[in-house]
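**Q** What follows is the file data_26.tsv, containing TSV, C-alpha atoms and all ligand atoms:
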```tsv
chain	number	residue	atom	x	y	z
A	1	MET	CA	-3.59	17.85	-13.89
A	2	LYS	CA	-3.93	17.12	-10.21
A	3	ILE	CA	-5.81	19.88	-8.41
A	4	VAL	CA	-5.63	19.87	-4.62
A	5	LEU	CA	-8.15	22.07	-2.83
A	6	ASN	CA	-6.88	23.20	0.55
A	7	HIS	CA	-9.71	24.84	2.45
A	8	LYS	CA	-7.51	25.60	5.46
A	9	CYS	CA	-9.67	26.69	8.45
A	10	ASN	CA	-12.62	27.97	6.44
A	11	LEU	CA	-16.39	27.42	6.03
A	12	LYS	CA	-19.02	26.69	8.65
A	13	LYS	CA	-21.14	23.58	8.24
A	14	GLU	CA	-23.96	25.00	6.07
A	15	GLU	CA	-21.46	26.91	3.93
A	16	PHE	CA	-19.44	23.76	3.44
A	17	LEU	CA	-22.48	21.67	2.46
A	18	SER	CA	-23.59	24.24	-0.09
A	19	TYR	CA	-20.01	24.44	-1.47
A	20	PHE	CA	-19.78	20.65	-1.65
A	21	ARG	CA	-22.99	20.44	-3.70
A	22	LYS	CA	-21.62	22.98	-6.18
A	23	LEU	CA	-18.28	21.22	-6.41
A	24	ASN	CA	-20.01	17.97	-7.26
A	25	GLU	CA	-21.89	19.63	-10.10
A	26	MET	CA	-18.68	20.88	-11.68
A	27	LYS	CA	-17.55	19.40	-14.96
A	28	THR	CA	-13.84	18.77	-15.34
A	29	ASN	CA	-11.42	16.11	-16.51
A	30	HIS	CA	-8.83	17.17	-13.97
A	31	GLU	CA	-8.38	15.03	-10.89
A	32	MET	CA	-9.55	16.94	-7.83
A	33	VAL	CA	-8.50	16.19	-4.24
A	34	LEU	CA	-10.66	17.98	-1.69
A	35	CYS	CA	-8.99	18.81	1.63
A	36	PRO	CA	-11.66	20.37	3.86
A	37	SER	CA	-11.48	20.87	7.62
A	38	PHE	CA	-11.17	17.52	9.40
A	39	ILE	CA	-14.72	17.87	10.77
A	40	TYR	CA	-16.24	17.66	7.27
A	41	LEU	CA	-14.21	14.77	5.90
A	42	SER	CA	-16.75	12.10	6.75
A	43	MET	CA	-19.55	14.11	5.10
A	44	CYS	CA	-17.80	13.99	1.73
A	45	ASP	CA	-19.42	11.18	-0.15
A	46	SER	CA	-18.61	11.68	-3.82
A	47	SER	CA	-17.61	9.53	-6.74
A	48	LYS	CA	-16.11	12.59	-8.49
A	49	LEU	CA	-13.69	13.75	-5.85
A	50	LEU	CA	-10.74	12.28	-4.02
A	51	LEU	CA	-10.42	13.07	-0.36
A	52	GLY	CA	-7.43	14.55	1.44
A	53	SER	CA	-6.71	15.81	4.94
A	54	GLN	CA	-4.80	19.01	5.71
A	55	ASP	CA	-2.50	17.29	8.19
A	56	VAL	CA	-2.21	14.10	10.25
A	57	GLY	CA	-1.37	13.37	13.87
A	58	SER	CA	2.11	12.14	14.68
A	59	TYR	CA	0.98	9.01	16.55
A	60	ASP	CA	-0.72	5.76	15.77
A	61	CYS	CA	-4.20	5.23	17.28
A	62	GLY	CA	-4.13	5.27	21.08
A	63	ALA	CA	-4.11	7.58	24.10
A	64	HIS	CA	-3.36	10.85	22.29
A	65	THR	CA	-6.06	13.38	23.12
A	66	GLY	CA	-6.93	15.69	20.26
A	67	ASP	CA	-4.91	13.79	17.66
A	68	ILE	CA	-6.16	12.18	14.46
A	69	ALA	CA	-4.30	9.08	13.29
A	70	ALA	CA	-3.59	8.11	9.68
A	71	ALA	CA	-5.46	4.83	10.19
A	72	GLN	CA	-8.58	6.77	11.25
A	73	LEU	CA	-8.34	8.98	8.17
A	74	LYS	CA	-7.93	5.95	5.92
A	75	SER	CA	-11.00	4.33	7.49
A	76	ILE	CA	-13.21	7.22	6.28
A	77	GLY	CA	-11.88	7.22	2.72
A	78	VAL	CA	-8.98	9.68	2.92
A	79	ASP	CA	-6.33	8.84	0.31
A	80	TYR	CA	-4.14	11.98	0.47
A	81	ALA	CA	-2.76	14.18	3.25
A	82	ILE	CA	-0.98	17.51	3.14
A	83	VAL	CA	2.11	17.56	5.38
A	84	GLY	CA	4.59	20.29	6.19
A	85	HIS	CA	2.40	23.17	5.06
A	86	SER	CA	4.15	26.44	5.93
A	87	GLU	CA	1.22	27.40	8.17
A	88	ARG	CA	1.80	24.22	10.23
A	89	ARG	CA	5.56	24.81	10.27
A	90	LEU	CA	5.05	28.39	11.43
A	91	ASN	CA	2.03	28.18	13.75
A	92	HIS	CA	2.78	24.78	15.28
A	93	ASN	CA	6.57	24.69	15.12
A	94	GLU	CA	6.57	21.61	12.92
A	95	ASP	CA	10.09	20.70	11.91
A	96	ASP	CA	11.48	18.40	9.22
A	97	GLY	CA	11.92	15.54	11.74
A	98	LEU	CA	8.25	15.59	12.75
A	99	ILE	CA	7.17	15.91	9.12
A	100	CYS	CA	9.27	12.85	8.28
A	101	GLU	CA	7.49	10.88	11.07
A	102	LYS	CA	4.11	11.94	9.70
A	103	ILE	CA	5.11	10.86	6.18
A	104	ASN	CA	6.04	7.43	7.52
A	105	LEU	CA	2.74	7.07	9.35
A	106	LEU	CA	0.78	8.07	6.25
A	107	LEU	CA	2.65	5.65	4.00
A	108	LYS	CA	2.05	2.84	6.49
A	109	ASP	CA	-1.69	3.37	5.99
A	110	GLU	CA	-1.38	3.87	2.25
A	111	ILE	CA	-2.26	7.55	2.29
A	112	VAL	CA	-0.33	9.63	-0.26
A	113	PRO	CA	1.58	12.45	1.48
A	114	ILE	CA	1.59	15.85	-0.24
A	115	LEU	CA	4.78	17.40	1.10
A	116	CYS	CA	4.85	21.21	1.03
A	117	ILE	CA	8.18	22.98	0.71
A	118	GLY	CA	9.18	26.54	-0.10
A	119	GLU	CA	11.28	29.52	0.87
A	120	THR	CA	10.36	32.69	2.75
A	121	LYS	CA	10.78	36.18	1.33
A	122	GLU	CA	14.01	36.66	3.32
A	123	GLU	CA	15.48	33.37	2.10
A	124	ARG	CA	14.63	34.34	-1.46
A	125	ALA	CA	16.29	37.74	-1.03
A	126	GLN	CA	19.41	36.03	0.32
A	127	GLY	CA	19.59	33.64	-2.63
A	128	GLN	CA	18.89	30.63	-0.40
A	129	ILE	CA	16.01	29.04	-2.28
A	130	HIS	CA	17.84	25.85	-3.28
A	131	ARG	CA	19.43	25.43	0.12
A	132	LYS	CA	16.01	25.67	1.80
A	133	ILE	CA	14.37	23.28	-0.65
A	134	GLU	CA	17.19	20.79	-0.24
A	135	ARG	CA	16.90	20.93	3.55
A	136	GLN	CA	13.14	20.41	3.50
A	137	LEU	CA	13.46	17.51	1.07
A	138	GLN	CA	15.59	15.71	3.64
A	139	ALA	CA	12.25	14.59	5.12
A	140	LEU	CA	12.30	12.05	2.26
A	141	ASN	CA	15.74	10.65	3.07
A	142	GLY	CA	15.82	7.12	4.33
A	143	LEU	CA	12.53	6.14	2.74
A	144	GLU	CA	12.50	3.07	0.55
A	145	GLN	CA	12.49	4.30	-3.07
A	146	ARG	CA	9.21	2.51	-3.88
A	147	LYS	CA	7.51	4.48	-1.09
A	148	ARG	CA	9.35	7.72	-1.76
A	149	ASP	CA	8.22	7.80	-5.37
A	150	LYS	CA	4.57	7.97	-4.24
A	151	ILE	CA	4.98	11.27	-2.42
A	152	ILE	CA	3.61	14.37	-4.12
A	153	ILE	CA	5.89	17.37	-3.74
A	154	ALA	CA	4.25	20.81	-3.67
A	155	TYR	CA	6.46	23.83	-4.17
A	156	GLU	CA	4.77	26.66	-2.29
A	157	PRO	CA	6.92	29.76	-1.82
A	158	VAL	CA	5.80	31.07	1.58
A	159	TRP	CA	5.77	34.68	0.34
A	160	ALA	CA	3.35	33.76	-2.46
A	161	ILE	CA	0.73	32.19	-0.19
A	162	GLY	CA	-2.36	34.38	0.07
A	163	THR	CA	-0.55	37.48	-1.21
A	164	GLY	CA	-1.55	37.58	-4.88
A	165	GLU	CA	2.15	37.52	-5.83
A	166	ILE	CA	3.68	34.64	-7.73
A	167	PRO	CA	7.23	33.93	-8.93
A	168	GLU	CA	8.06	34.20	-12.61
A	169	VAL	CA	7.39	30.89	-14.33
A	170	PHE	CA	11.10	30.43	-15.12
A	171	GLU	CA	11.81	30.76	-11.38
A	172	ILE	CA	9.24	28.09	-10.54
A	173	ASP	CA	10.71	25.89	-13.26
A	174	GLU	CA	14.23	26.33	-11.89
A	175	VAL	CA	13.10	24.97	-8.53
A	176	LEU	CA	10.98	22.19	-10.01
A	177	ALA	CA	13.79	21.15	-12.38
A	178	TYR	CA	16.10	20.88	-9.38
A	179	ILE	CA	13.56	18.68	-7.56
A	180	ARG	CA	12.83	16.65	-10.71
A	181	GLU	CA	16.50	15.79	-11.11
A	182	LYS	CA	16.64	14.25	-7.65
A	183	TYR	CA	13.13	12.82	-7.64
A	184	PRO	CA	12.32	11.79	-11.21
A	185	LYS	CA	9.10	9.90	-10.42
A	186	ASN	CA	7.31	12.19	-7.97
A	187	ILE	CA	4.36	14.34	-9.02
A	188	LEU	CA	5.22	18.06	-8.71
A	189	LEU	CA	2.66	20.72	-7.81
A	190	TYR	CA	2.82	24.48	-7.55
A	191	GLY	CA	0.95	26.41	-4.84
A	192	GLY	CA	0.76	30.07	-3.80
A	193	SER	CA	-1.78	32.57	-5.19
A	194	ALA	CA	-2.54	30.42	-8.24
A	195	ASN	CA	-5.83	31.68	-9.65
A	196	GLU	CA	-8.04	32.06	-12.71
A	197	LYS	CA	-6.14	35.21	-13.74
A	198	ASN	CA	-2.58	33.83	-13.69
A	199	ILE	CA	-3.27	30.25	-14.79
A	200	CYS	CA	-2.55	30.99	-18.47
A	201	ASN	CA	0.89	32.19	-17.44
A	202	LEU	CA	1.51	29.30	-15.01
A	203	LYS	CA	0.45	26.86	-17.70
A	204	THR	CA	3.58	27.67	-19.69
A	205	SER	CA	5.65	25.85	-17.04
A	206	LYS	CA	7.45	22.72	-18.24
A	207	TYR	CA	7.31	21.04	-14.85
A	208	ILE	CA	4.04	21.87	-13.06
A	209	GLU	CA	1.83	18.77	-12.97
A	210	GLY	CA	-0.90	20.21	-10.81
A	211	TYR	CA	-1.79	22.91	-8.30
A	212	LEU	CA	-2.34	23.26	-4.58
A	213	LEU	CA	-5.04	25.92	-4.26
A	214	GLY	CA	-5.94	27.85	-1.12
A	215	GLY	CA	-8.10	30.97	-1.56
A	216	LEU	CA	-9.29	30.02	-5.02
A	217	SER	CA	-10.53	26.63	-3.84
A	218	LEU	CA	-13.24	28.36	-1.79
A	219	SER	CA	-14.97	29.89	-4.82
A	220	PRO	CA	-16.64	27.28	-7.06
A	221	GLU	CA	-17.25	29.90	-9.76
A	222	LYS	CA	-13.60	31.00	-10.02
A	223	LEU	CA	-12.43	27.43	-9.62
A	224	GLN	CA	-14.57	26.40	-12.60
A	225	ILE	CA	-12.87	29.06	-14.75
A	226	PHE	CA	-9.45	27.96	-13.51
A	227	LEU	CA	-10.18	24.32	-14.36
A	228	GLU	CA	-11.34	25.23	-17.85
A	229	LEU	CA	-8.16	27.22	-18.52
A	230	CYS	CA	-5.74	24.75	-16.93
A	301	LIG	P1	-3.38	30.54	-1.68
A	301	LIG	O1	-3.79	29.85	-2.95
A	301	LIG	O2	-4.51	31.17	-0.94
A	301	LIG	O3	-2.22	31.44	-1.90
A	301	LIG	O4	-2.86	29.39	-0.70
A	301	LIG	C1	-1.97	28.45	-1.17
A	301	LIG	C2	-1.82	27.39	-0.16
A	301	LIG	O5	-1.30	27.63	0.91
A	301	LIG	C3	-2.35	26.07	-0.49
A	301	LIG	O6	-1.89	25.12	0.40
```
Write out the structure in this file as structure tokens.

**A**
Amino acid sequence: MKIVLNHKCNLKKEEFLSYFRKLNEMKTNHEMVLCPSFIYLSMCDSSKLLLGSQDVGSYDCGAHTGDIAAAQLKSIGVDYAIVGHSERRLNHNEDDGLICEKINLLLKDEIVPILCIGETKEERAQGQIHRKIERQLQALNGLEQRKRDKIIIAYEPVWAIGTGEIPEVFEIDEVLAYIREKYPKNILLYGGSANEKNICNLKTSKYIEGYLLGGLSLSPEKLQIFLELC
């Protein structure tokens, strides 16, 4: 399984260093991609972990104050980048066009994009899950198939993020089956309140190939249990 750890905007420097030591001591056969705050990326020297960023700037290197370019990330060992997370879409008004530009910039520097998609509670109530997913997947249109196949697609229902609620496994599988039909080669992840208590249930999914973890990723102890059960 591919386990992506999204720290979001958490941990001060000393907390991060102590966490990082514990993470390195963990025993697991799963492939872990650590996505800490940007400021800690260059401190992450580990042969056990892969490195990911939580976002990327929408420009190449140059006069873009405050931005971080894909080429800069690549130069410090970043091989993955989350794009289109619902918190970026919501808090920074990121739309599918911008997300598509970011995907192109990442692929140019050989960073694997982890594209997040998922419906809100209202969209779910209105039976619009597939329509929403289909619209968000348009960010992949126009990409050469060889490049498109490399993108990891993470289904993260917005209403499940940080709430402790998750969809029924058959509901997750319905969405992932729909994506799988259109994108047979892409790795599919699930994210949204996945934890050590619901992993045995999630594990019954036919389509989940890994997890994008938020809250759980901050607790090495609970993460260890999750990894053992997964
Ligand atoms: P939680 O696991 O805290 O629900 O967050 C999921 C997420 O947003 C990962 O990107």

**Q** Could you give me, as a list in words, every polymer residue with an atom at most 8 Å away from an atom of ligand LIG 301 (chain A), counting only C-alpha atoms and all ligand atoms?

**A**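 Counting only C-alpha atoms and all ligand atoms, the residues within 8 Å of ligand LIG 301 (chain A) come out as Leu5, Asn6, Lys8, His85, Ser86, Glu87, Cys116, Glu156, Val158, Ala160, Ile161, Gly162, Thr163, Gly164, Gly191, Gly192, Ser193, Ala194, Asn195, Leu212, Leu213, Gly214, Gly215, Leu216 and Ser217 of chain A.
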
**Q** Please identify all polymer residues within 12 Å of Leu115 of chain A, counting all atoms listed in the file, omitting same-chain residues fewer than 6 positions from it, and present them as a PyMOL selection string.

**A** chain A and resi 54-56+80-86+88-89+96+99-100+102-104+106+133+136-140+148+150-156+186-191+212

**Q** Measuring atom to atom with all atoms listed in the file, identify which of A:Glu101, A:Glu14, A:Asp60, A:Glu25 is nearest to Gln224 of chain A.

**A**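 So, comparing all the options, the nearest one is A:Glu25.
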
**Q** Fewer than 4 positions away in the same chain doesn't count, so skip those; otherwise give me all residues within 8 Å of Glu196 of chain A, counting all atoms listed in the file, as a ChimeraX atom specification.

**A** /A:222-223,225-226,229

**Q** Just checking: using only C-alpha atoms, which residue out of A:Cys200, A:Asn91, A:Glu165, A:Glu209 ends up closest to Arg180 of chain A?

**A**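 Ranked by minimum distance to Arg180 of chain A, first place goes to A:Glu209.
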
**Q** Please return the centre and edge lengths, in Å to one decimal, of a box with edges along x, y and z that contains all listed atoms of segment 187-193 of chain A, widened by 3 Å on every side, as AutoDock Vina command-line options.

**A**
```
--center_x 1.7 --center_y 23.5 --center_z -6.4 --size_x 13.0 --size_y 24.2 --size_z 11.2
```

**Q** How far is it from atom CA of Leu227 of chain A to atom CA of Ile111 of chain A, in Å with one decimal?

**A**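 Between atom CA of Leu227 of chain A and atom CA of Ile111 of chain A the gap is 24.9 Å.
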
**Q** Counting only C-alpha atoms, which residue out of A:Ser219, A:Pro113, A:Lys132, A:Leu73 sits closest to Glu15 of chain A?

**A**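 When distances to Glu15 of chain A are compared using only C-alpha atoms, the smallest one comes from A:Ser219.
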
**Q** Please tell me which residues are no farther than 9 Å from (-12.2, 11.3, -9.3) in the file, counting only C-alpha atoms, and write them as a PDB file with C-alpha atoms, in the frame of the given file.

**A**
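Full text of part.pdb as output:
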```pdb
ATOM      1  CA  ASN A  29     -11.420  16.110 -16.510  1.00  0.00           C
ATOM      2  CA  HIS A  30      -8.830  17.170 -13.970  1.00  0.00           C
ATOM      3  CA  GLU A  31      -8.380  15.030 -10.890  1.00  0.00           C
ATOM      4  CA  MET A  32      -9.550  16.940  -7.830  1.00  0.00           C
ATOM      5  CA  VAL A  33      -8.500  16.190  -4.240  1.00  0.00           C
ATOM      6  CA  SER A  46     -18.610  11.680  -3.820  1.00  0.00           C
ATOM      7  CA  SER A  47     -17.610   9.530  -6.740  1.00  0.00           C
ATOM      8  CA  LYS A  48     -16.110  12.590  -8.490  1.00  0.00           C
ATOM      9  CA  LEU A  49     -13.690  13.750  -5.850  1.00  0.00           C
ATOM     10  CA  LEU A  50     -10.740  12.280  -4.020  1.00  0.00           C
TER      11      LEU A  50
END
```

**Q** Using only C-alpha atoms, which of A:Ser205, A:Ser37, A:Asn24, A:Thr65 sits nearest Gly52 of chain A?

**A**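 Answer, going by the shortest atom-to-atom distance: A:Ser37.
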